[in-house]
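Okay, start-v2.tsv is below, TSV, C-alpha atoms:
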chain	number	residue	atom	x	y	z
A	3	MET	CA	0.00	0.00	0.00
A	4	ASP	CA	2.83	2.36	-0.77
A	5	LYS	CA	0.76	4.47	-3.07
A	6	LEU	CA	-1.43	5.46	-0.16
A	7	GLY	CA	1.48	6.60	1.93
A	8	SER	CA	0.76	6.41	5.61
A	9	LYS	CA	-1.97	9.03	5.59
A	10	THR	CA	-5.66	8.81	6.06
A	11	ILE	CA	-7.39	11.66	4.27
A	12	ILE	CA	-10.94	12.83	4.63
A	13	GLY	CA	-11.20	14.88	1.44
A	14	ALA	CA	-12.93	18.18	0.86
A	15	SER	CA	-16.13	16.61	-0.36
A	16	ALA	CA	-16.29	13.96	2.32
A	17	THR	CA	-18.60	13.72	5.28
A	18	PHE	CA	-17.73	11.23	7.95
A	19	THR	CA	-19.65	10.21	11.03
A	20	GLY	CA	-18.50	7.66	13.57
A	21	LYS	CA	-15.29	6.51	15.22
A	22	ILE	CA	-11.76	6.35	13.88
A	23	ALA	CA	-9.17	4.31	15.72
A	24	ASN	CA	-5.60	3.17	15.14
A	25	ALA	CA	-4.88	5.84	12.58
A	26	SER	CA	-1.35	7.21	12.38
A	27	VAL	CA	-1.65	10.36	10.28
A	28	VAL	CA	-5.04	11.85	9.57
A	29	GLU	CA	-5.89	14.85	7.41
A	30	VAL	CA	-9.35	16.33	7.58
A	31	HIS	CA	-10.51	18.61	4.78
A	32	GLY	CA	-14.16	17.71	4.90
A	33	LYS	CA	-16.75	17.45	7.60
A	34	VAL	CA	-16.11	14.97	10.36
A	35	ASN	CA	-18.25	14.21	13.34
A	36	ALA	CA	-16.28	11.58	15.15
A	37	ASP	CA	-14.08	10.39	17.96
A	38	LEU	CA	-10.54	10.03	16.73
A	39	ILE	CA	-7.42	8.42	18.14
A	40	ALA	CA	-4.32	9.05	16.07
A	41	GLU	CA	-0.68	10.14	16.16
A	42	LYS	CA	-0.88	13.25	14.00
A	43	VAL	CA	-4.03	15.05	13.01
A	44	THR	CA	-4.31	17.94	10.58
A	45	ILE	CA	-7.52	19.85	10.17
A	46	GLY	CA	-7.27	21.78	6.91
A	47	GLU	CA	-8.57	25.27	6.30
A	48	ALA	CA	-11.83	23.98	4.89
A	49	GLY	CA	-12.02	21.16	7.41
A	50	ARG	CA	-14.53	20.97	10.18
A	51	PHE	CA	-14.16	18.50	13.03
A	52	ASP	CA	-16.69	17.92	15.79
A	53	GLY	CA	-15.77	15.41	18.45
A	54	ALA	CA	-12.97	14.17	20.63
A	55	ILE	CA	-9.37	13.88	19.47
A	56	ARG	CA	-6.54	12.11	21.20
A	57	ALA	CA	-3.24	12.59	19.42
A	58	ASP	CA	0.43	13.44	19.81
A	59	LEU	CA	0.27	16.38	17.43
A	60	VAL	CA	-2.74	18.30	16.19
A	61	VAL	CA	-2.49	21.07	13.61
A	62	VAL	CA	-5.69	23.06	13.32
A	63	SER	CA	-6.28	25.37	10.39
A	64	GLY	CA	-10.00	24.85	10.19
A	65	HIS	CA	-12.82	24.61	12.64
A	66	TYR	CA	-12.67	22.35	15.67
A	67	GLU	CA	-15.21	21.77	18.36
A	68	GLY	CA	-14.85	19.20	21.10
A	69	LYS	CA	-12.43	17.82	23.61
A	70	MET	CA	-8.87	17.52	22.40
A	71	GLN	CA	-6.07	15.79	24.26
A	72	ALA	CA	-2.78	16.31	22.53
A	73	GLY	CA	0.93	16.52	23.18
A	74	SER	CA	1.36	19.46	20.85
A	75	ILE	CA	-1.29	21.69	19.41
A	76	TRP	CA	-0.67	24.20	16.64
A	77	ALA	CA	-3.51	26.57	15.92
A	78	THR	CA	-2.70	28.37	12.66
A	79	ALA	CA	-4.02	31.80	11.69
A	80	THR	CA	-7.21	30.43	10.20
A	81	ALA	CA	-8.05	28.15	13.11
A	82	SER	CA	-11.25	28.41	15.05
A	83	ILE	CA	-11.46	26.23	18.11
A	84	SER	CA	-14.12	25.79	20.72
A	85	GLY	CA	-14.49	23.21	23.43
A	86	LYS	CA	-11.71	21.94	25.63
A	87	LEU	CA	-7.99	21.59	24.95
A	88	HIS	CA	-5.62	19.51	27.02
A	89	TYR	CA	-2.07	20.09	25.85
A	90	GLU	CA	1.58	19.97	26.73
A	91	THR	CA	2.79	22.48	24.17
A	92	LEU	CA	0.60	24.95	22.35
A	93	GLN	CA	1.39	27.23	19.45
A	94	MET	CA	-1.12	29.82	18.38
A	95	ASP	CA	-0.63	31.96	15.30
A	96	ARG	CA	-1.87	35.53	15.09
A	97	GLY	CA	-5.48	35.40	14.02
A	98	ALA	CA	-6.35	32.05	15.48
A	99	ALA	CA	-9.67	32.07	17.30
A	100	LEU	CA	-9.75	30.08	20.49
A	101	ASN	CA	-12.94	30.01	22.50
A	102	CYS	CA	-12.23	27.18	24.79
A	103	HIS	CA	-11.11	25.77	28.08
A	104	ILE	CA	-7.37	25.18	27.97
A	105	VAL	CA	-5.53	22.87	30.35
A	106	HIS	CA	-1.77	22.42	30.41
A	107	ASN	CA	0.07	19.19	31.24
A	108	TRP	CA	-3.08	17.13	31.50
A	109	ARG	CA	-1.11	13.91	31.60
A	110	ALA	CA	0.83	14.87	34.71
A	111	LYS	CA	-2.11	16.34	36.57
A	112	ALA	CA	-4.71	13.76	35.70
A	113	ASP	CA	-3.80	10.38	34.32
A	114	ASP	CA	-7.39	9.49	34.94
A	115	PRO	CA	-9.44	12.10	33.05
A	116	GLU	CA	-12.55	11.46	35.14
A	117	GLN	CA	-10.69	12.49	38.23
A	118	SER	CA	-10.05	16.02	36.99
A	119	ASN	CA	-13.40	16.95	35.49
A	120	ALA	CA	-15.65	15.37	38.10
A	121	GLY	CA	-13.99	16.96	41.10
A	122	ASN	CA	-15.33	14.23	43.37
A	123	SER	CA	-12.00	12.68	44.16
A	124	ASP	CA	-13.75	10.83	47.01
A	125	VAL	CA	-14.58	7.99	44.70
A	126	PRO	CA	-11.10	6.83	43.73
A	127	LEU	CA	-9.51	7.57	47.10
A	128	PRO	CA	-11.39	4.99	49.20
A	129	ASP	CA	-10.52	2.39	46.59
A	130	ALA	CA	-6.87	3.33	46.91
A	131	SER	CA	-6.98	3.21	50.69
A	132	ASN	CA	-8.84	-0.09	50.59
A	133	SER	CA	-6.26	-1.59	48.32
A	134	ALA	CA	-3.57	-0.20	50.58
A	135	LYS	CA	-5.23	-1.81	53.59
A	136	THR	CA	-5.68	-5.10	51.84
A	137	GLY	CA	-2.05	-4.77	50.79
A	138	THR	CA	-0.89	-4.26	54.36
A	139	VAL	CA	-3.09	-6.89	56.00
A	140	PRO	CA	-1.50	-9.92	54.38
A	141	SER	CA	1.99	-8.59	54.97
A	142	SER	CA	1.27	-8.03	58.67
A	143	SER	CA	-0.30	-11.49	58.90
A	144	LYS	CA	2.81	-12.87	57.29
A	145	LYS	CA	4.87	-11.14	59.89
A	146	GLY	CA	2.61	-12.64	62.55
A	147	VAL	CA	3.02	-16.11	61.11
B	3	MET	CA	0.15	33.85	0.18
B	4	PHE	CA	3.93	33.51	0.10
B	5	GLY	CA	4.53	36.55	2.24
B	6	LYS	CA	2.28	35.23	4.95
B	7	ASN	CA	3.88	33.99	8.08
B	8	SER	CA	1.46	31.15	8.46
B	9	VAL	CA	0.55	29.47	5.25
B	10	SER	CA	-1.75	26.55	5.77
B	11	PRO	CA	0.52	23.55	6.27
B	12	VAL	CA	-1.37	21.37	3.82
B	13	ALA	CA	-3.12	21.82	0.52
B	14	ALA	CA	-6.60	20.40	0.49
B	15	PRO	CA	-6.83	17.30	-1.66
B	16	ASN	CA	-10.10	16.41	-3.27
B	17	HIS	CA	-9.85	12.68	-2.89
B	18	SER	CA	-10.21	10.79	0.37
B	19	GLN	CA	-8.34	7.79	1.59
B	20	ILE	CA	-8.56	5.59	4.63
B	21	ASN	CA	-5.24	4.00	5.45
B	22	GLU	CA	-4.82	0.27	5.97
B	23	ASP	CA	-4.25	0.29	9.73
B	24	VAL	CA	-7.28	2.41	10.43
B	25	ARG	CA	-10.38	0.98	12.03
B	26	ILE	CA	-13.58	2.89	11.56
B	27	SER	CA	-17.12	2.50	12.71
B	28	GLY	CA	-19.53	4.91	11.15
B	29	SER	CA	-20.49	6.16	7.76
B	30	ILE	CA	-18.61	8.00	5.02
B	31	THR	CA	-20.20	10.10	2.32
B	32	VAL	CA	-17.94	11.36	-0.44
B	33	SER	CA	-18.68	12.84	-3.83
B	34	GLN	CA	-15.10	12.59	-4.99
B	35	PRO	CA	-12.87	9.51	-5.22
B	36	LEU	CA	-12.37	7.41	-2.12
B	37	VAL	CA	-9.73	4.77	-1.50
B	38	MET	CA	-10.62	2.49	1.37
B	39	ALA	CA	-7.80	0.34	2.71
B	40	GLY	CA	-8.77	0.00	6.36
B	41	GLN	CA	-11.50	-1.70	8.30
B	42	LEU	CA	-14.93	-0.17	8.16
B	43	ASP	CA	-18.00	-1.15	10.08
B	44	GLY	CA	-20.64	0.99	8.42
B	45	ASP	CA	-21.83	2.46	5.18
B	46	ILE	CA	-20.03	4.14	2.32
B	47	LYS	CA	-21.53	6.49	-0.22
B	48	ALA	CA	-19.11	7.55	-2.90
B	49	GLY	CA	-18.71	8.37	-6.55
B	50	GLU	CA	-15.55	6.52	-7.45
B	51	LEU	CA	-14.69	3.91	-4.85
B	52	HIS	CA	-11.66	1.67	-4.59
B	53	ILE	CA	-11.71	-0.97	-1.88
B	54	ALA	CA	-8.08	-1.99	-1.57
B	55	SER	CA	-6.82	-5.48	-0.87
B	56	THR	CA	-6.22	-4.76	2.82
B	57	ALA	CA	-9.73	-3.43	3.36
B	58	ILE	CA	-12.54	-5.14	5.21
B	59	VAL	CA	-15.90	-3.45	4.79
B	60	SER	CA	-18.98	-4.61	6.64
B	61	GLY	CA	-21.94	-2.54	5.56
B	62	ASP	CA	-23.70	-1.10	2.60
B	63	VAL	CA	-21.80	0.40	-0.27
B	64	THR	CA	-23.39	2.89	-2.65
B	65	ALA	CA	-21.30	4.25	-5.49
B	66	GLN	CA	-21.14	4.83	-9.20
B	67	ASN	CA	-18.02	2.84	-9.90
B	68	VAL	CA	-16.63	0.34	-7.44
B	69	THR	CA	-13.35	-1.54	-7.71
B	70	ILE	CA	-12.96	-4.25	-5.12
B	71	ASP	CA	-9.65	-5.88	-4.22
B	72	GLY	CA	-10.51	-6.51	-0.58
B	73	ARG	CA	-13.33	-7.94	1.47
B	74	VAL	CA	-16.87	-6.67	1.44
B	75	TYR	CA	-19.80	-8.02	3.43
B	76	GLY	CA	-23.06	-6.29	2.66
B	77	VAL	CA	-25.12	-4.75	-0.07
B	78	ILE	CA	-23.45	-3.00	-2.97
B	79	VAL	CA	-25.50	-0.62	-5.08
B	80	ALA	CA	-23.55	0.69	-8.04
B	81	ASP	CA	-23.53	1.39	-11.74
B	82	ALA	CA	-20.42	-0.64	-12.43
B	83	VAL	CA	-18.63	-3.11	-10.20
B	84	TYR	CA	-15.24	-4.68	-10.78
B	85	LEU	CA	-14.23	-7.56	-8.55
B	86	SER	CA	-10.55	-8.36	-8.95
B	87	ALA	CA	-8.90	-11.71	-8.34
B	88	THR	CA	-8.19	-10.88	-4.69
B	89	ALA	CA	-11.74	-9.73	-3.97
B	90	HIS	CA	-13.93	-11.44	-1.40
B	91	PHE	CA	-17.56	-10.44	-1.52
B	92	GLU	CA	-20.56	-11.79	0.35
B	93	GLY	CA	-23.96	-10.19	0.16
B	94	GLN	CA	-26.10	-8.64	-2.48
B	95	LEU	CA	-25.09	-6.79	-5.60
B	96	ASN	CA	-27.46	-4.33	-7.25
B	97	CYS	CA	-25.73	-3.08	-10.33
B	98	HIS	CA	-25.84	-2.33	-13.99
B	99	GLY	CA	-22.52	-3.77	-15.08
B	100	ILE	CA	-20.29	-6.36	-13.45
B	101	ALA	CA	-16.79	-7.63	-14.12
B	102	ILE	CA	-15.38	-10.47	-12.04
B	103	ASP	CA	-11.81	-11.68	-12.33
B	104	ASN	CA	-10.88	-15.32	-12.15
B	105	GLY	CA	-10.11	-16.11	-8.51
B	106	ALA	CA	-12.49	-13.68	-6.88
B	107	TYR	CA	-14.61	-15.14	-4.09
B	108	VAL	CA	-18.21	-14.13	-4.64
B	109	ASP	CA	-21.15	-15.41	-2.68
B	110	ALA	CA	-23.88	-12.98	-3.56
B	111	LYS	CA	-27.29	-12.34	-4.94
B	112	PHE	CA	-27.14	-10.37	-8.16
B	113	ILE	CA	-29.86	-7.93	-9.08
B	114	LYS	CA	-29.73	-6.23	-12.45
B	115	GLU	CA	-30.53	-2.59	-12.20
B	116	THR	CA	-30.91	0.17	-14.69
B	117	VAL	CA	-28.37	2.93	-14.29
B	118	THR	CA	-28.67	4.35	-10.80
B	119	ASN	CA	-28.08	7.92	-9.89
B	120	GLY	CA	-25.12	6.87	-7.75
Here is the file; what I need is its structure written in the form of structure tokens.
Amino acid sequence: MDKLGSKTIIGASATFTGKIANASVVEVHGKVNADLIAEKVTIGEAGRFDGAIRADLVVVSGHYEGKMQAGSIWATATASISGKLHYETLQMDRGAALNCHIVHNWRAKADDPEQSNAGNSDVPLPDASNSAKTGTVPSSSKKGV
Amino acid sequence: MFGKNSVSPVAAPNHSQINEDVRISGSITVSQPLVMAGQLDGDIKAGELHIASTAIVSGDVTAQNVTIDGRVYGVIVADAVYLSATAHFEGQLNCHGIAIDNGAYVDAKFIKETVTNG
């Protein structure tokens, strides 16, 4: 499949709805309403993406709306972004329109994404303490034996 | 355009392609050529459609011209269908013209149709 290169392209005339997984490089020039997991995502000037993206690098020149989790985000001058961005590095060109919630270093702060947005950290903590207790009980019983 | 600091990093191509490692569930509608090489669980509507040898498509395919090298399970509605030697097709085929290469696996119901509007 050399003639394809390693890219997945949603062309200018294309409309896609659904889920995309396991993609390496994705270019969006059409309309996409989807959840996408990829390595590199490019949303072209005419592209429009609604939905969640998880990627190492996202270049946005078109319109994006949704929750993005990316290592690097580059919003070019024609970008228009709304929703939520979780990033490690962010580049924004003059003219880019960002109307969104932006969070830095999401990986370090919240490995578990539910922990950060829910705010009820009570739920995971008892589990952790329980597992800690169950972890200590056998060791103490071993000591006793 | 050249003087601009931030030229769009990519030129917009008209065709679409889905790479071979990609898994998709959902539907794709394209008016320009589409090359499908990945796995799709869902429907395709396209003008010119090439289902590559690595592709596995489960769902309905509507197109004007379809070239199939890969696997398709479902209903194909098309003007012209070409099933190459590596093709594997199970389902129903509503089309005007068919070409099937020697070696293609076809287990399908054929329905002759007058030219569809694609």
If we count all atoms listed in the file and set the cut-off at 9 Å, which residues sit around Lys33 of chain A, ignoring sequence neighbours fewer than 4 positions away in its own chain? Please answer as a PyMOL selection string.
chain A and resi 12-19+48-52
Å distance separating atom CA of Gly49 of chain B from atom CA of Ile30 of chain B, one decimal place
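One can read the atom CA of Gly49 of chain B to atom CA of Ile30 of chain B distance as 11.6 Å.
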Spatial neighbours of Ala54 of chain A, max dist 6 Å, all atoms listed in the file, sep filter under 2 positions, as an MDAnalysis selection string:
chainID A and resid 37 68:70
Would you output that residue set with C-alpha atoms, as a short mmCIF file (atom, residue, chain, number, x, y, z; two decimals), keeping the file's coordinate frame?
data_model
loop_
_atom_site.label_atom_id
_atom_site.label_comp_id
_atom_site.auth_asym_id
_atom_site.auth_seq_id
_atom_site.Cartn_x
_atom_site.Cartn_y
_atom_site.Cartn_z
CA ASP A 37 -14.08 10.39 17.96
CA GLY A 68 -14.85 19.20 21.10
CA LYS A 69 -12.43 17.82 23.61
CA MET A 70 -8.87 17.52 22.40
#
Give me, as a PyMOL selection string, the contact residues of chain A against chain B at a cut-off of 10 Å, counting only C-alpha atoms.
chain A and resi 3+6-40+44-49+61-64+78-81+95-97
So what do you get for atom CA of Glu50 of chain B versus atom CA of Gln66 of chain B, distance-wise?
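One can read the atom CA of Glu50 of chain B to atom CA of Gln66 of chain B distance as 6.1 Å.
With atom CA of Ser84 of chain A on one side and atom CA of Leu59 of chain A on the other, the separation reads 17.5 Å.
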From the list B:Ala57, B:Glu115, B:His52, B:Thr69, which residue is nearest Ala87 of chain B when using all atoms listed in the file?
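Using all atoms listed in the file, Ala87 of chain B sits closest to B:Thr69.
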